[in-house]
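Chemist: What follows is the file final_36.txt, containing compact mmCIF, C-alpha atoms:
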# COMPACT_ATOMS: atom_id res chain seq x y z
CA MET A 1 130.43 67.73 -248.40
CA ALA A 2 132.48 70.88 -248.26
CA LEU A 3 132.76 74.26 -249.86
CA ARG A 4 135.80 74.63 -252.06
CA THR A 5 137.73 77.82 -252.71
CA ILE A 6 136.85 79.31 -256.08
CA ARG A 7 139.97 80.24 -258.04
CA LEU A 8 139.97 83.77 -259.41
CA MET A 9 141.06 85.21 -262.76
CA GLY A 10 144.84 85.44 -262.74
CA ASP A 11 145.22 81.98 -261.16
CA GLU A 12 147.29 79.93 -263.61
CA ILE A 13 145.13 76.82 -263.16
CA LEU A 14 142.28 78.57 -265.00
CA THR A 15 144.40 78.66 -268.17
CA LYS A 16 145.22 74.95 -268.27
CA GLN A 17 143.67 72.10 -270.27
CA CYS A 18 141.77 69.59 -268.09
CA ARG A 19 142.26 65.83 -268.18
CA PRO A 20 139.39 63.40 -268.90
CA VAL A 21 137.91 61.35 -266.07
CA LYS A 22 138.55 57.66 -266.73
CA GLU A 23 136.56 56.14 -263.86
CA MET A 24 134.29 57.17 -261.03
CA THR A 25 136.13 57.07 -257.71
CA PRO A 26 135.16 58.17 -254.20
CA ARG A 27 137.37 61.25 -254.69
CA ILE A 28 135.53 62.21 -257.89
CA GLU A 29 132.14 61.63 -256.19
CA THR A 30 133.18 63.92 -253.34
CA LEU A 31 134.49 66.52 -255.81
CA ILE A 32 131.12 66.59 -257.63
CA GLU A 33 129.20 66.99 -254.35
CA ASP A 34 131.59 69.75 -253.24
CA MET A 35 131.29 71.50 -256.61
CA LEU A 36 127.49 71.53 -256.37
CA ASP A 37 127.63 72.85 -252.79
CA THR A 38 130.16 75.51 -253.81
CA MET A 39 128.13 76.59 -256.85
CA TYR A 40 124.90 76.90 -254.86
CA ASP A 41 126.65 78.72 -252.00
CA ALA A 42 128.13 81.23 -254.46
CA GLN A 43 124.71 81.60 -256.18
CA GLY A 44 126.11 80.58 -259.55
CA VAL A 45 124.48 78.64 -262.36
CA GLY A 46 127.59 76.65 -263.27
CA LEU A 47 131.00 75.61 -262.03
CA ALA A 48 133.85 73.74 -263.69
CA ALA A 49 136.45 71.66 -261.84
CA PRO A 50 139.40 73.99 -262.62
CA GLN A 51 137.52 76.77 -260.83
CA VAL A 52 138.06 74.81 -257.62
CA GLY A 53 141.64 73.90 -258.51
CA ILE A 54 141.09 70.45 -260.06
CA LEU A 55 142.22 69.85 -263.65
CA ARG A 56 139.54 67.31 -264.53
CA GLN A 57 136.79 67.49 -267.17
CA ILE A 58 133.85 67.91 -264.79
CA VAL A 59 131.12 70.55 -264.95
CA VAL A 60 128.05 71.17 -262.80
CA ILE A 61 125.18 73.39 -263.95
CA ASP A 62 121.79 74.34 -262.55
CA VAL A 63 119.81 77.05 -264.33
CA SER A 64 116.50 76.22 -262.63
CA PRO A 65 115.02 79.16 -260.69
CA GLU A 66 114.67 77.00 -257.58
CA GLY A 67 118.21 75.63 -257.87
CA ASP A 68 117.00 72.06 -257.60
CA ASP A 69 117.79 70.56 -261.02
CA PRO A 70 121.55 69.98 -261.16
CA ILE A 71 123.26 68.70 -264.28
CA VAL A 72 126.58 66.86 -263.86
CA LEU A 73 128.71 66.50 -266.97
CA ILE A 74 131.87 64.42 -267.07
CA ASN A 75 134.12 64.69 -270.14
CA PRO A 76 131.57 66.91 -271.92
CA GLU A 77 131.84 67.62 -275.62
CA ILE A 78 129.75 70.07 -277.61
CA ILE A 79 128.47 68.14 -280.61
CA GLU A 80 126.05 70.65 -282.13
CA THR A 81 125.24 74.36 -281.92
CA SER A 82 122.93 76.70 -283.78
CA GLY A 83 121.57 80.20 -283.66
CA GLU A 84 123.09 83.13 -281.87
CA GLN A 85 122.50 85.08 -278.68
CA THR A 86 124.30 88.11 -277.35
CA GLY A 87 123.99 89.00 -273.71
CA GLN A 88 125.53 89.65 -270.34
CA GLU A 89 127.75 86.96 -268.92
CA GLY A 90 129.49 86.65 -265.59
CA CYS A 91 131.68 84.09 -263.87
CA LEU A 92 132.32 82.99 -260.31
CA SER A 93 136.05 83.28 -261.08
CA VAL A 94 135.60 86.94 -262.10
CA PRO A 95 133.46 88.26 -259.22
CA GLY A 96 131.58 91.51 -259.55
CA LYS A 97 132.19 91.79 -263.30
CA VAL A 98 130.13 91.10 -266.41
CA GLY A 99 130.73 91.30 -270.13
CA ILE A 100 128.71 91.09 -273.33
CA VAL A 101 129.34 87.77 -275.06
CA THR A 102 127.89 86.25 -278.23
CA ARG A 103 127.33 82.51 -278.11
CA ALA A 104 125.20 79.90 -279.83
CA ASN A 105 121.55 80.02 -278.73
CA TYR A 106 121.30 76.21 -278.85
CA ALA A 107 123.88 73.68 -277.71
CA LYS A 108 123.86 69.89 -277.69
CA VAL A 109 126.42 68.20 -275.46
CA LYS A 110 127.52 64.58 -275.15
CA ALA A 111 128.94 63.64 -271.76
CA LEU A 112 128.99 61.04 -269.00
CA ASP A 113 126.80 61.38 -265.92
CA GLU A 114 127.77 60.54 -262.33
CA ASN A 115 127.20 56.84 -263.13
CA MET A 116 129.67 57.11 -266.04
CA GLU A 117 126.82 56.50 -268.48
CA GLU A 118 126.63 58.50 -271.71
CA ILE A 119 124.02 61.25 -271.77
CA ILE A 120 122.97 63.95 -274.21
CA VAL A 121 122.02 67.37 -272.84
CA GLU A 122 120.35 69.94 -275.07
CA GLY A 123 119.75 73.52 -274.08
CA GLU A 124 118.65 76.87 -275.38
CA GLU A 125 119.27 80.40 -274.15
CA LEU A 126 120.64 80.39 -270.55
CA LEU A 127 121.35 76.64 -270.48
CA ALA A 128 123.09 76.82 -273.87
CA ARG A 129 125.17 79.76 -272.62
CA ALA A 130 126.06 77.92 -269.38
CA LEU A 131 127.04 74.74 -271.24
CA GLN A 132 129.38 76.64 -273.57
CA HIS A 133 130.81 78.82 -270.77
CA GLU A 134 131.59 75.90 -268.45
CA ILE A 135 133.02 73.68 -271.19
CA ASP A 136 135.30 76.57 -272.18
CA HIS A 137 136.76 76.40 -268.65
CA LEU A 138 137.87 72.82 -269.32
CA ALA A 139 140.02 74.10 -272.19
CA GLY A 140 141.52 76.87 -270.05
CA GLN A 141 139.38 79.66 -271.51
CA LEU A 142 137.60 82.39 -269.58
CA TYR A 143 134.66 84.29 -271.02
CA VAL A 144 136.61 87.54 -270.76
CA SER A 145 138.47 86.59 -273.95
CA LYS A 146 135.12 86.60 -275.79
CA THR A 147 133.66 89.86 -274.50
CA LYS A 148 132.52 92.39 -277.05
CA ASP A 149 133.54 95.49 -275.11
CA GLY A 150 135.54 94.32 -272.11
CA LEU A 151 134.39 93.88 -268.52
CA HIS A 152 132.03 96.09 -266.58
CA ASP A 153 131.20 96.26 -262.90
CA LEU A 154 128.12 94.22 -262.13
CA SER A 155 126.34 97.40 -261.01
CA GLU A 156 126.91 99.09 -264.39
CA GLU A 157 124.57 98.56 -267.31
CA PRO A 158 126.74 97.81 -270.36
CA GLU A 159 125.25 98.57 -273.74
CA GLU A 160 124.46 95.54 -275.89
Transcribe the structure of this file into structure tokens.

Modeler:
Amino acid sequence: MALRTIRLMGDEILTKQCRPVKEMTPRIETLIEDMLDTMYDAQGVGLAAPQVGILRQIVVIDVSPEGDDPIVLINPEIIETSGEQTGQEGCLSVPGKVGIVTRANYAKVKALDENMEEIIVEGEELLARALQHEIDHLAGQLYVSKTKDGLHDLSEEPEE
């Protein structure tokens, strides 16, 4: 297991479409472990493969307060959303900045787990936000394109 370098806004790889994962390989297993380690080390709640320089459709998320309930999503696809929430959003690829973003308050995602078995993950509020945010990364989109009033320093209190 190793920490990977998190790519920052401006890095071209963050604007590219990711390729699906066709089979689980030792390299993919190592990537997932490294992504989890990197996310926890950076104190994030989610990380997508392009953020560590790999153009594959892999996302890791953990919104639990203890950081002990990781979700691994391979080739995730949002299949249902409802409601609306507007709130502060940040990104490990845009350190020290936040923006106000409106997203669905509920998201249902179909994906494969680390065993390449189909799973359904449903989430509300923070988990729904994280699912949408990380899956956007796989399409080369950063949350900054969805901000209501641009980016603010993390220490500032933007108005909602």

Chemist: Between atom CA of Glu134 of chain A and atom CA of Glu23 of chain A, what is the distance in Å, rounded to a tenth?

Modeler: 20.9 Å

Chemist: Nearest to Glu125 of chain A: which of A:Ser155, A:Gln141, A:Ser93, A:Gln85 is it, counting only C-alpha atoms?

Modeler: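 Among the listed residues, A:Gln85 lies closest to Glu125 of chain A.
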
Chemist: Would you kindly return, as an MDAnalysis selection string, each protein, DNA or RNA residue with an atom no farther than 10 Å from any atom of Asp34 of chain A, considering all atoms listed in the file and excluding same-chain residues fewer than 6 positions away?

Modeler: chainID A and resid 1:4 28 40 52

Chemist: Which polymer residues, whether protein, DNA or RNA, lie within 9 Å of the coordinate (135.9, 78.2, -268.3) when you count all atoms listed in the file? List them as a short mmCIF file (atom, residue, chain, number, x, y, z; two decimals) with C-alpha atoms, in the frame of the given file, using the chain letters and numbers from the file.

Modeler:
data_model
loop_
_atom_site.label_atom_id
_atom_site.label_comp_id
_atom_site.auth_asym_id
_atom_site.auth_seq_id
_atom_site.Cartn_x
_atom_site.Cartn_y
_atom_site.Cartn_z
CA LEU A 14 142.28 78.57 -265.00
CA THR A 15 144.40 78.66 -268.17
CA LEU A 47 131.00 75.61 -262.03
CA ALA A 48 133.85 73.74 -263.69
CA PRO A 50 139.40 73.99 -262.62
CA GLN A 51 137.52 76.77 -260.83
CA CYS A 91 131.68 84.09 -263.87
CA SER A 93 136.05 83.28 -261.08
CA GLN A 132 129.38 76.64 -273.57
CA HIS A 133 130.81 78.82 -270.77
CA GLU A 134 131.59 75.90 -268.45
CA ILE A 135 133.02 73.68 -271.19
CA ASP A 136 135.30 76.57 -272.18
CA HIS A 137 136.76 76.40 -268.65
CA LEU A 138 137.87 72.82 -269.32
CA ALA A 139 140.02 74.10 -272.19
CA GLY A 140 141.52 76.87 -270.05
CA GLN A 141 139.38 79.66 -271.51
CA LEU A 142 137.60 82.39 -269.58
CA TYR A 143 134.66 84.29 -271.02
#

Chemist: Could you work out how far atom CA of Ile32 of chain A lies from atom CA of Val94 of chain A, giving the answer in Å with one decimal?

Modeler: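 We find that atom CA of Val94 of chain A and atom CA of Ile32 of chain A lie 21.3 Å from each other.
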
Chemist: Just checking: using only C-alpha atoms, which residue out of A:Gly53, A:Gly123, A:Gly90, A:Pro76 ends up closest to Gly150 of chain A?

Modeler: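 The closest residue to Gly150 of chain A is A:Gly90.
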
Chemist: Go through segment 37-90 of chain A residue by residue and, counting all atoms listed in the file, keep those with an atom at most 10 Å from segment 102-119 of chain A; for each kept residue give the shortest atom pair and its distance in Å to one decimal, ordered by chain and increasing number, as JSON lines.

Modeler:
{"residue": "A:Gln57", "atom": "CA", "partner": "A:Ala111", "partner_atom": "CA", "distance": 9.9}
{"residue": "A:Ile58", "atom": "CA", "partner": "A:Leu112", "partner_atom": "CA", "distance": 9.4}
{"residue": "A:Val59", "atom": "CA", "partner": "A:Ala111", "partner_atom": "CA", "distance": 9.9}
{"residue": "A:Ile71", "atom": "CA", "partner": "A:Asp113", "partner_atom": "CA", "distance": 8.3}
{"residue": "A:Val72", "atom": "CA", "partner": "A:Asp113", "partner_atom": "CA", "distance": 5.9}
{"residue": "A:Leu73", "atom": "CA", "partner": "A:Asp113", "partner_atom": "CA", "distance": 5.6}
{"residue": "A:Ile74", "atom": "CA", "partner": "A:Leu112", "partner_atom": "CA", "distance": 4.8}
{"residue": "A:Asn75", "atom": "CA", "partner": "A:Ala111", "partner_atom": "CA", "distance": 5.5}
{"residue": "A:Pro76", "atom": "CA", "partner": "A:Ala111", "partner_atom": "CA", "distance": 4.2}
{"residue": "A:Glu77", "atom": "CA", "partner": "A:Lys110", "partner_atom": "CA", "distance": 5.3}
{"residue": "A:Ile78", "atom": "CA", "partner": "A:Val109", "partner_atom": "CA", "distance": 4.4}
{"residue": "A:Ile79", "atom": "CA", "partner": "A:Val109", "partner_atom": "CA", "distance": 5.5}
{"residue": "A:Glu80", "atom": "CA", "partner": "A:Lys108", "partner_atom": "CA", "distance": 5.0}
{"residue": "A:Thr81", "atom": "CA", "partner": "A:Ala107", "partner_atom": "CA", "distance": 4.5}
{"residue": "A:Ser82", "atom": "CA", "partner": "A:Tyr106", "partner_atom": "CA", "distance": 5.2}
{"residue": "A:Gly83", "atom": "CA", "partner": "A:Asn105", "partner_atom": "CA", "distance": 4.9}
{"residue": "A:Glu84", "atom": "CA", "partner": "A:Ala104", "partner_atom": "CA", "distance": 4.4}
{"residue": "A:Gln85", "atom": "CA", "partner": "A:Asn105", "partner_atom": "CA", "distance": 5.1}
{"residue": "A:Thr86", "atom": "CA", "partner": "A:Thr102", "partner_atom": "CA", "distance": 4.1}
{"residue": "A:Gly87", "atom": "CA", "partner": "A:Thr102", "partner_atom": "CA", "distance": 6.6}
{"residue": "A:Gln88", "atom": "CA", "partner": "A:Thr102", "partner_atom": "CA", "distance": 8.9}
{"residue": "A:Glu89", "atom": "CA", "partner": "A:Thr102", "partner_atom": "CA", "distance": 9.3}

Chemist: Please compute the atom CA of Lys97 of chain A-atom CA of Val144 of chain A distance, one decimal, in Å.

Modeler: 9.7 Å

Chemist: A:Gly67, A:Thr5, A:Pro26, A:Cys18: which is nearest Thr38 of chain A, counting only C-alpha atoms?

Modeler: A:Thr5

Chemist: Counting all atoms listed in the file, figure out which residue out of A:Ala49, A:Ile6, A:Leu55, A:Val98 gets nearest to Glu33 of chain A.

Modeler: A:Ala49

Chemist: I'd like to know which of A:Thr25, A:Pro20, A:Pro70, A:Leu151 is closest to Met39 of chain A, using all atoms listed in the file.

Modeler: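 Among the listed residues, the smallest separation from Met39 of chain A belongs to A:Pro70.
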